[in-house]
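This is model_36.cif. It holds mmCIF, C-alpha atoms.
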```
data_start
loop_
_atom_site.label_atom_id
_atom_site.label_comp_id
_atom_site.auth_asym_id
_atom_site.auth_seq_id
_atom_site.Cartn_x
_atom_site.Cartn_y
_atom_site.Cartn_z
CA MET A 153 25.13 11.02 13.99
CA THR A 154 25.18 14.80 13.61
CA LEU A 155 22.09 16.88 12.96
CA ALA A 156 23.24 17.94 9.48
CA LEU A 157 24.09 14.36 8.52
CA THR A 158 20.69 13.10 9.72
CA VAL A 159 18.76 15.75 7.79
CA GLY A 160 20.87 15.00 4.69
CA LEU A 161 20.43 11.22 5.01
CA SER A 162 16.68 11.55 5.56
CA ALA A 163 16.34 13.83 2.54
CA SER A 164 18.45 11.48 0.37
CA CYS A 165 16.57 8.32 1.41
CA LEU A 166 13.26 10.10 0.86
CA ALA A 167 14.33 11.34 -2.58
CA ILE A 168 15.41 7.81 -3.57
CA ALA A 169 12.09 6.37 -2.35
CA MET A 170 10.14 8.96 -4.33
CA LEU A 171 12.32 8.52 -7.39
CA LEU A 172 11.62 4.78 -7.40
CA GLN A 173 7.90 5.36 -6.82
CA GLY A 174 7.82 7.91 -9.64
CA LEU A 175 9.47 5.40 -11.99
CA GLU A 176 7.01 2.69 -10.96
CA MET A 177 4.01 4.94 -11.49
CA LEU A 178 5.32 6.16 -14.82
CA LEU A 179 5.61 2.55 -16.02
CA ALA A 180 2.22 1.67 -14.50
CA VAL A 181 0.25 4.46 -16.18
CA ARG A 182 1.54 3.27 -19.53
CA ALA A 183 -0.14 -0.09 -18.95
CA LYS A 184 -3.66 -0.31 -20.39
CA ARG A 185 -4.83 -2.62 -17.59
CA PHE A 186 -3.94 0.18 -15.17
CA CYS A 187 -5.69 3.11 -16.87
CA ASP A 188 -8.79 1.02 -17.66
CA VAL A 189 -9.46 0.70 -13.94
CA TRP A 190 -8.23 4.05 -12.60
CA SER A 191 -9.69 6.04 -15.49
CA TYR A 192 -10.73 9.65 -14.97
CA GLU A 193 -14.25 8.58 -15.93
CA ASN A 194 -14.44 6.19 -12.97
CA LEU A 195 -13.01 8.67 -10.49
CA LYS A 196 -14.49 11.97 -11.59
CA THR A 197 -17.58 11.88 -9.33
CA ASP A 198 -15.37 11.71 -6.24
CA LEU A 199 -12.83 14.19 -7.51
CA GLU A 200 -15.43 16.76 -8.58
CA ALA A 201 -17.35 16.39 -5.32
CA GLY A 202 -14.27 16.53 -3.11
CA LEU A 203 -12.11 19.24 -4.66
CA PRO A 204 -13.07 22.94 -4.54
CA LEU A 205 -11.88 23.54 -8.10
CA PRO A 206 -13.64 24.07 -11.44
CA HIS A 207 -14.36 20.75 -13.16
CA GLY A 208 -12.21 21.75 -16.14
CA VAL A 209 -9.19 22.29 -13.88
CA ILE A 210 -9.74 18.94 -12.14
CA GLN A 211 -9.93 17.16 -15.48
CA PHE A 212 -6.81 19.01 -16.66
CA ILE A 213 -4.82 17.87 -13.62
CA PHE A 214 -6.11 14.32 -13.29
CA SER A 215 -6.76 13.08 -16.83
CA GLU A 216 -4.85 9.96 -17.84
CA LYS A 217 -2.61 11.89 -20.25
CA LYS A 218 -1.54 14.39 -17.60
CA LEU A 219 -0.68 11.63 -15.13
CA ILE A 220 2.44 10.84 -17.10
CA TRP A 221 3.62 14.42 -16.59
CA LEU A 222 2.85 14.24 -12.90
CA PHE A 223 5.25 11.33 -12.52
CA TRP A 224 7.88 12.83 -14.80
CA TRP A 225 7.88 15.88 -12.52
CA GLN A 226 8.17 13.59 -9.50
CA ILE A 227 11.23 11.90 -11.01
CA ILE A 228 12.83 15.26 -11.88
CA PHE A 229 12.15 16.77 -8.45
CA ALA A 230 13.38 13.62 -6.70
CA CYS A 231 16.65 13.69 -8.69
CA CYS A 232 17.14 17.40 -7.96
CA GLY A 233 16.23 16.87 -4.28
CA LEU A 234 18.73 14.02 -4.05
CA LEU A 235 21.51 16.13 -5.54
CA THR A 236 20.83 19.47 -3.82
CA HIS A 237 18.68 18.80 -0.69
CA HIS A 238 16.99 22.10 -1.52
CA TYR A 239 13.61 22.56 0.13
CA VAL A 240 11.94 23.78 -3.10
CA PHE A 241 12.16 20.30 -4.62
CA PHE A 242 10.70 18.71 -1.49
CA VAL A 243 7.80 21.17 -1.51
CA GLY A 244 7.24 20.08 -5.12
CA LEU A 245 7.42 16.41 -4.13
CA PHE A 246 4.93 17.04 -1.30
CA LEU A 247 2.41 18.60 -3.70
CA LEU A 248 2.91 15.85 -6.30
CA HIS A 249 2.51 13.14 -3.67
CA LEU A 250 -0.68 14.82 -2.44
CA LEU A 251 -2.08 14.90 -5.99
CA THR A 252 -1.17 11.22 -6.48
CA CYS A 253 -2.91 10.21 -3.25
CA ILE A 254 -6.03 12.20 -4.19
CA ARG A 255 -6.02 10.77 -7.72
CA PHE A 256 -5.85 7.16 -6.55
CA ARG A 257 -8.01 7.59 -3.43
CA GLY A 258 -5.33 5.96 -1.28
CA THR A 259 -5.70 2.65 -3.10
CA PHE A 260 -2.06 2.67 -4.05
CA ASN A 261 -0.03 1.39 -1.10
CA GLY A 262 -1.79 3.32 1.63
CA GLY A 263 0.69 2.57 4.42
CA SER A 264 3.84 3.53 2.59
CA ASP A 265 2.15 6.65 1.19
CA MET A 266 1.40 7.69 4.75
CA MET A 267 5.00 7.21 5.84
CA ILE A 268 6.24 9.17 2.79
CA PHE A 269 4.01 12.07 3.91
CA VAL A 270 5.42 11.86 7.43
CA VAL A 271 9.03 11.93 6.23
CA LEU A 272 8.28 14.65 3.67
CA THR A 273 6.73 16.82 6.39
CA GLY A 274 9.61 16.23 8.82
CA VAL A 275 12.29 16.83 6.18
CA LEU A 276 10.54 20.02 5.07
CA ILE A 277 10.36 21.29 8.67
CA SER A 278 14.09 20.59 9.04
CA LEU A 279 15.09 22.10 5.70
CA LEU A 280 12.98 25.22 6.20
CA SER A 281 14.16 25.83 9.76
CA THR A 282 16.91 28.36 10.28
CA ASN A 283 17.73 27.24 13.80
CA GLU A 284 18.86 23.98 15.33
CA SER A 285 15.76 23.34 17.44
CA GLY A 286 13.50 23.71 14.42
CA GLN A 287 15.62 21.21 12.50
CA LYS A 288 15.50 18.79 15.43
CA LEU A 289 11.73 19.21 15.62
CA GLY A 290 11.37 17.91 12.06
CA LEU A 291 13.44 14.83 12.88
CA ILE A 292 11.57 14.22 16.14
CA TYR A 293 8.30 14.37 14.18
CA ILE A 294 9.53 11.61 11.84
CA ALA A 295 10.97 9.55 14.70
CA ILE A 296 7.76 9.61 16.77
CA HIS A 297 5.77 8.33 13.79
CA GLY A 298 8.45 5.77 12.99
CA PHE A 299 8.64 4.32 16.49
CA TYR A 300 4.87 4.37 16.90
CA SER A 301 4.28 2.67 13.52
CA TYR A 302 6.20 -0.42 14.68
CA PHE A 303 4.64 -0.39 18.14
CA LYS A 304 1.12 -0.02 16.79
CA ALA A 305 1.67 -2.83 14.27
CA GLY A 306 2.82 -5.05 17.12
CA LEU A 307 -0.13 -4.07 19.29
CA VAL A 308 -2.65 -4.88 16.52
CA LYS A 309 -1.03 -8.28 16.07
CA VAL A 310 -0.58 -9.30 19.69
CA VAL A 311 -4.28 -8.97 20.57
CA HIS A 312 -5.01 -11.59 17.90
CA PRO A 313 -4.79 -15.21 19.13
CA ASP A 314 -3.57 -16.40 15.71
CA TRP A 315 -0.48 -14.22 16.05
CA ARG A 316 0.15 -15.25 19.65
CA GLN A 317 -0.25 -18.93 18.76
CA GLY A 318 1.90 -18.64 15.63
CA ARG A 319 -0.70 -19.44 12.98
CA ALA A 320 -0.97 -16.03 11.33
CA ILE A 321 2.25 -16.03 9.28
CA SER A 322 1.31 -19.07 7.20
CA VAL A 323 -2.25 -17.72 6.73
CA PHE A 324 -0.83 -14.47 5.33
CA LEU A 325 1.69 -16.31 3.16
CA LYS A 326 -1.14 -18.31 1.57
CA ARG A 327 -2.78 -15.02 0.54
CA SER A 328 0.42 -13.69 -1.06
CA LEU A 329 0.57 -12.89 -4.77
CA PHE A 330 3.58 -15.17 -5.07
CA THR A 331 2.40 -18.71 -5.68
CA GLU A 332 5.71 -20.21 -4.53
CA ASN A 333 4.87 -18.91 -1.02
CA GLN A 334 2.13 -21.52 -0.87
CA ARG A 335 4.77 -24.23 -0.51
CA VAL A 336 6.52 -22.25 2.22
CA ALA A 337 3.19 -21.80 4.02
CA ASP A 338 2.45 -25.52 3.77
CA TRP A 339 5.89 -26.33 5.15
CA LEU A 340 5.37 -23.87 8.01
CA ASP A 341 2.01 -25.46 8.78
CA ARG A 342 3.85 -28.74 9.34
CA HIS A 343 6.49 -27.05 11.53
CA HIS A 344 4.37 -25.12 13.97
CA ASP A 345 7.22 -24.61 16.44
CA ILE A 346 9.11 -22.58 13.81
CA THR A 347 6.14 -20.31 12.98
CA PHE A 348 5.51 -19.88 16.69
CA VAL A 349 9.08 -18.62 17.19
CA MET A 350 8.87 -16.46 14.04
CA SER A 351 5.63 -14.87 15.22
CA TRP A 352 7.09 -13.99 18.60
CA VAL A 353 10.29 -12.64 17.03
CA VAL A 354 8.14 -10.25 14.96
CA LEU A 355 5.93 -9.33 17.93
CA THR A 356 8.90 -8.78 20.23
CA PHE A 357 10.71 -6.67 17.65
CA GLU A 358 7.69 -4.44 17.06
CA LEU A 359 6.45 -4.13 20.62
CA SER A 360 9.88 -3.48 22.11
CA ILE A 361 10.89 -0.74 19.66
CA PHE A 362 10.59 1.98 22.34
CA LEU A 363 13.27 0.13 24.36
CA THR A 364 15.80 1.69 22.00
CA LEU A 365 15.05 5.02 23.69
CA ILE A 366 15.98 3.52 27.08
CA PHE A 367 18.90 1.50 25.72
CA PRO A 368 20.18 3.51 22.71
CA ASN A 369 23.09 1.11 22.29
CA LEU A 370 20.57 -1.39 20.93
CA MET A 371 19.72 0.94 18.04
CA LEU A 372 22.13 -0.56 15.51
CA PHE A 373 20.79 -4.04 16.24
CA TYR A 374 17.20 -2.84 15.78
CA PHE A 375 18.10 -1.02 12.58
CA LEU A 376 19.64 -4.17 11.08
CA ALA A 377 16.65 -6.20 12.28
CA ALA A 378 14.32 -3.68 10.61
CA ILE A 379 16.16 -4.00 7.30
CA VAL A 380 15.86 -7.80 7.46
CA PHE A 381 12.20 -7.50 8.53
CA HIS A 382 11.22 -5.18 5.66
CA PHE A 383 13.23 -7.23 3.17
CA MET A 384 11.40 -10.39 4.27
CA ILE A 385 8.08 -8.57 3.84
CA TYR A 386 9.17 -7.62 0.33
CA LEU A 387 10.15 -11.24 -0.44
CA SER A 388 6.88 -12.55 1.00
CA PHE A 389 4.38 -10.02 -0.32
CA GLY A 390 6.20 -7.85 -2.88
CA LEU A 391 5.83 -4.69 -0.78
CA ASN A 392 8.97 -2.94 -1.99
CA ARG A 393 7.60 0.53 -1.22
CA PHE A 394 7.41 -0.23 2.48
CA PHE A 395 11.11 -1.05 2.44
CA TRP A 396 12.13 2.33 1.04
CA SER A 397 9.63 4.53 2.85
CA TRP A 398 10.41 3.06 6.28
CA LEU A 399 14.13 3.13 5.53
CA SER A 400 13.85 6.90 5.06
CA ALA A 401 12.44 7.23 8.60
CA TRP A 402 15.32 5.38 10.25
CA PRO A 403 18.00 8.14 10.23
CA SER A 404 15.65 10.29 12.34
CA MET A 405 14.87 7.40 14.68
CA ILE A 406 18.58 6.73 15.19
CA PHE A 407 19.24 10.45 15.75
CA VAL A 408 16.48 10.80 18.33
CA SER A 409 17.63 7.69 20.23
CA GLN A 410 21.02 9.41 20.67
CA PHE A 411 19.34 12.08 22.80
CA PHE A 412 19.15 9.45 25.52
CA LEU A 413 22.76 8.30 25.36
CA MET B 742 -13.64 -12.51 -4.98
CA GLU B 743 -15.68 -14.95 -7.08
CA PHE B 744 -17.75 -14.77 -10.25
CA ARG B 745 -20.17 -16.91 -12.21
CA GLN B 746 -21.43 -16.78 -15.75
CA ALA B 747 -25.08 -16.57 -16.77
CA GLY B 748 -26.53 -20.08 -16.77
CA SER B 749 -23.98 -21.43 -14.32
CA GLN B 750 -24.45 -22.18 -10.65
CA GLU B 751 -20.73 -22.54 -9.99
CA TRP B 752 -18.78 -19.69 -8.44
CA GLU B 753 -15.25 -19.47 -9.75
CA PRO B 754 -12.50 -17.65 -7.86
CA LEU B 755 -10.76 -14.65 -9.39
CA VAL B 756 -7.11 -14.98 -8.55
CA TRP B 757 -4.20 -12.57 -8.57
CA LYS B 758 -0.74 -13.96 -9.07
CA SER B 759 2.63 -12.41 -9.59
CA SER B 760 6.25 -13.44 -9.58
CA ARG B 761 9.34 -11.87 -8.09
CA SER B 762 11.58 -9.97 -10.44
CA LEU B 763 15.31 -9.36 -10.25
CA PHE B 764 15.01 -5.63 -9.56
CA GLY B 765 11.66 -5.87 -7.76
CA LEU B 766 13.00 -4.28 -4.60
CA LEU B 767 13.66 -1.15 -6.65
CA VAL B 768 10.84 -1.10 -9.19
CA ASN B 769 8.00 -3.60 -8.86
CA VAL B 770 5.34 -2.45 -11.31
CA ASP B 771 3.38 -5.65 -11.94
CA CYS B 772 3.17 -6.58 -8.29
CA ASN B 773 2.18 -3.08 -7.18
CA ILE B 774 -0.58 -2.86 -9.80
CA LYS B 775 -1.98 -6.17 -8.55
CA LEU B 776 -1.74 -5.09 -4.92
CA ALA B 777 -3.60 -1.90 -5.84
CA GLN B 778 -6.25 -3.99 -7.60
CA ILE B 779 -6.72 -6.06 -4.45
CA ASN B 780 -6.93 -2.78 -2.56
CA VAL B 781 -9.86 -1.75 -4.79
CA ILE B 782 -11.75 -4.86 -3.66
CA GLU B 783 -10.98 -4.10 -0.01
CA HIS B 784 -12.12 -0.47 -0.43
CA PHE B 785 -15.34 -1.65 -2.02
CA ALA B 786 -15.95 -4.12 0.82
CA ARG B 787 -15.46 -1.33 3.38
CA ASP B 788 -17.80 1.01 1.46
CA VAL B 789 -20.50 -1.67 1.30
CA GLN B 790 -20.17 -2.39 5.01
CA GLU B 791 -20.52 1.35 5.73
CA LEU B 792 -23.66 1.49 3.57
CA GLN B 793 -25.09 -1.43 5.51
CA VAL B 794 -24.79 0.33 8.87
CA GLY B 795 -28.35 1.02 10.03
CA ASN B 796 -29.88 -0.51 6.89
CA ASP B 797 -31.21 -4.03 6.72
CA LEU B 798 -31.40 -4.06 2.95
CA LEU B 799 -28.62 -2.91 0.69
CA CYS B 800 -29.88 -0.68 -2.12
CA SER B 801 -28.40 -1.93 -5.38
CA GLN B 802 -28.54 1.51 -6.97
CA LYS B 803 -26.63 3.11 -4.10
CA VAL B 804 -23.93 0.48 -4.35
CA GLN B 805 -23.60 1.01 -8.09
CA GLU B 806 -23.15 4.75 -7.53
CA LEU B 807 -20.08 4.13 -5.37
CA THR B 808 -16.80 5.10 -6.98
CA SER B 809 -15.29 1.92 -5.56
CA PHE B 810 -18.00 -0.06 -7.40
CA LYS B 811 -17.11 1.65 -10.70
CA LEU B 812 -13.44 0.84 -10.13
CA LEU B 813 -14.31 -2.74 -9.22
CA ARG B 814 -16.57 -3.19 -12.26
CA SER B 815 -13.79 -1.98 -14.56
CA LEU B 816 -11.34 -4.23 -12.75
CA ILE B 817 -13.59 -7.26 -13.22
CA GLN B 818 -14.16 -6.43 -16.88
CA MET B 819 -10.42 -6.11 -17.40
CA LYS B 820 -9.63 -9.22 -15.38
CA LEU B 821 -12.25 -11.41 -17.07
CA SER B 822 -11.00 -10.40 -20.50
CA GLU B 823 -8.11 -12.78 -19.66
CA TYR B 824 -10.60 -15.66 -19.36
CA LEU B 825 -12.36 -17.45 -22.21
CA LEU B 826 -15.95 -17.00 -21.10
CA GLU B 827 -18.96 -18.52 -22.82
CA SER B 828 -21.27 -15.80 -21.59
CA LYS B 829 -20.75 -12.05 -21.50
CA THR B 830 -23.08 -11.71 -18.54
CA ILE B 831 -21.64 -12.36 -15.12
CA GLN B 832 -22.36 -11.97 -11.47
CA PHE B 833 -19.70 -11.48 -8.81
CA GLN B 834 -19.51 -11.81 -5.07
CA VAL B 835 -17.10 -10.36 -2.56
CA LEU B 836 -16.14 -12.50 0.39
CA GLY B 837 -14.36 -11.29 3.46
CA SER B 838 -12.24 -13.54 5.58
CA ASN B 839 -10.58 -13.39 8.93
CA TYR B 840 -8.04 -16.00 9.89
CA GLN B 841 -10.47 -18.90 9.90
CA GLU B 842 -13.82 -18.21 8.27
CA LYS B 843 -15.27 -16.58 5.16
CA VAL B 844 -18.10 -14.05 5.27
CA LEU B 845 -20.24 -13.02 2.31
CA ILE B 846 -20.11 -9.24 1.93
CA TYR B 847 -21.80 -8.52 -1.37
CA VAL B 848 -23.40 -10.29 -4.32
CA SER B 849 -23.80 -8.17 -7.44
CA ASP B 850 -26.66 -8.01 -9.93
CA TRP B 851 -26.01 -9.64 -13.26
CA LEU B 852 -23.62 -7.42 -15.21
CA SER B 853 -22.82 -7.28 -18.87
CA LEU B 854 -19.09 -7.36 -19.53
CA GLU B 855 -19.63 -5.28 -22.65
CA SER B 856 -21.28 -2.29 -20.97
CA ARG B 857 -18.85 0.46 -19.91
#
```
As C-alpha cells - that is how I would like this structure written.
Amino acid sequence: MTLALTVGLSASCLAIAMLLQGLEMLLAVRAKRFCDVWSYENLKTDLEAGLPLPHGVIQFIFSEKKLIWLFWWQIIFACCGLLTHHYVFFVGLFLLHLLTCIRFRGTFNGGSDMMIFVVLTGVLISLLSTNESGQKLGLIYIAIHGFYSYFKAGLVKVVHPDWRQGRAISVFLKRSLFTENQRVADWLDRHHDITFVMSWVVLTFELSIFLTLIFPNLMLFYFLAAIVFHFMIYLSFGLNRFFWSWLSAWPSMIFVSQFFL
Amino acid sequence: MEFRQAGSQEWEPLVWKSSRSLFGLLVNVDCNIKLAQINVIEHFARDVQELQVGNDLLCSQKVQELTSFKLLRSLIQMKLSEYLLESKTIQFQVLGSNYQEKVLIYVSDWLSLESR
C-alpha cells in the first residue's frame, strides 16, 4: 500500500465513521429520553467549572438546541472530508468531536471516541505535513495506538482467570442489551469446551497482534480476523461505533507492517 | 441497579433491553442511548468509590452534588416513567459485580420522582 493511498483510506474511513456518528447523535438528541438525562441543567456545574469561558458562551455552545447544529456541522464536515480529504474539514471534525466529548463527559462510547481522536490526530498530522516523513509519522502514530489497543485488551483479559478458563464470554453475553444473547450464553455454559476455545482465540488474536510486525505476511489474515472480531462484538453487544473507529485505524497498521517486509 | 417504592421491602431490578436492527451496524441509535445510560451508572459508581477513599462514611449531600448523580437521578426518573408505580417516592441502589459476586456500592435516600 502506498503512502498516499494509506492517508486517503484512513481519511475516508474516518470521515465515514464520523458521518455515521453524527447521524446517530442527530437522531439521539431529538429523542426526549436522551435530552432529559443529558440536559444542560444537569451538566452545567461541571461545564462551568471546567471550561475557562464565560457562562453565557458555555450555555450558547452546549444548550440542547445548539447540539443539533453541532451534529449537523459534523455531518457536513464529514461529507466534505470524505469527498476532498482537505485538512480544514478534519480540523473542524476534531473540534466538533472535542466539544461532543466535553458535552457528554465521555459517557458516550468512551473507547471508540478515544480511537476517533487518535485517528483524527494521525490523519491531521499526515494531511498537514508537506514532506513524506511527516506523513509517515501521522500513520505511525495511529498504528502504534492501534496495535497497542489490541495488545492491552488481551493483557487485561489474560490476567483474569475467568478469561483463561473460558467462563468470561458467557458472563458478558448475559449482561448484553440483547435478550436473545441469554439463550446463546446458556448454550455456551453447557458447552464449556467451545467457550474455552473461543476465549483463547480472542486472547491469542489480541496478544499476538505485534507478531504482524515480525511476520508482515500475516497482516491480511489479522485484518480479516479483526473485521470478524469487531462484527461479532457488534452482534453481541451492539457496539457499532467500535467497528467503524477501529476499521479506520487499520490502513495505518497495514502500512506500518509493510516497513518490515 | 435496583429500586424500591415507599412502603415496599422488595428491591426490583431496573433492566435495559434492546434489539438488533437491520442497519444497526451503520446507525444504532436506540442501542447507543442505552449503552450511554448504562455508562452513566458506571460513572456514578466510580465517582462514589472515589468519594469513599479515606472516608468511612459517605456524605449524602456530597453524593447528591455529583454531576453523575444528577444524570443518574434524571435517568431513573425517565426510566421509571415507563413503569406503573403505586408510589412516587423511591429509593435506588447501585450494585457492582465482578465475574462471580455482587457488591453493594450505594443506596440512595428516598427520592421523589416528581422533583426535578
| message | Under the PyMOL selection byres ((chain B) within 10 of (chain A)), which residues of this model are included? Write them out as a ChimeraX atom specification. | response | /B:756-762,765-784,806-820,839-841
| task | Using the chain letters and residue numbers of this document, give as a PyMOL selection string the residues selected by the PyMOL selection byres ((chain A and resi 276-288) around 8). | result | chain A and resi 155+159+238-239+242-243+272-275+289-292
| task | Determine the residue membership of the PyMOL selection byres ((chain A and resi 403) around 12) for the file above and supply it as JSON, numbers by chain. | result | {"A": [153, 154, 155, 156, 157, 158, 159, 160, 161, 162, 163, 164, 165, 166, 271, 274, 275, 290, 291, 292, 294, 295, 298, 299, 371, 372, 375, 397, 398, 399, 400, 401, 402, 404, 405, 406, 407, 408, 409, 410]}
| note | What separates atom CA of Ile346 of chain A and atom CA of Ile321 of chain A is a distance of 10.5 Å
| field | Residues within 6 Å of Val835 of chain B, only C-alpha atoms, excluding chain neighbours under 5 positions, as number ranges by chain | value | B: 742, 846-847
Write the residues of the selection above to a file with C-alpha atoms, as a PDB file, keeping the file's coordinate frame.
```pdb
ATOM      1  CA  MET B 742     -13.640 -12.510  -4.980  1.00  0.00           C
ATOM      2  CA  ILE B 846     -20.110  -9.240   1.930  1.00  0.00           C
ATOM      3  CA  TYR B 847     -21.800  -8.520  -1.370  1.00  0.00           C
TER       4      TYR B 847
END
```
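Minimum atom-to-atom distance to Val349 of chain A, evaluated using all atoms listed in the file, belongs to A:Gly318 out of A:Leu370, A:Lys309, A:Gly318, A:Leu325.
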| Interatomic distance (Å, one decimal) between atom CA of His382 of chain A and atom CA of Leu359 of chain A |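 Atom-to-atom, atom CA of His382 of chain A and atom CA of Leu359 of chain A are spaced 15.7 Å apart.
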| Atom pair atom CA of Glu751 of chain B / atom CA of Val848 of chain B: separation (Å) | 13.8 Å
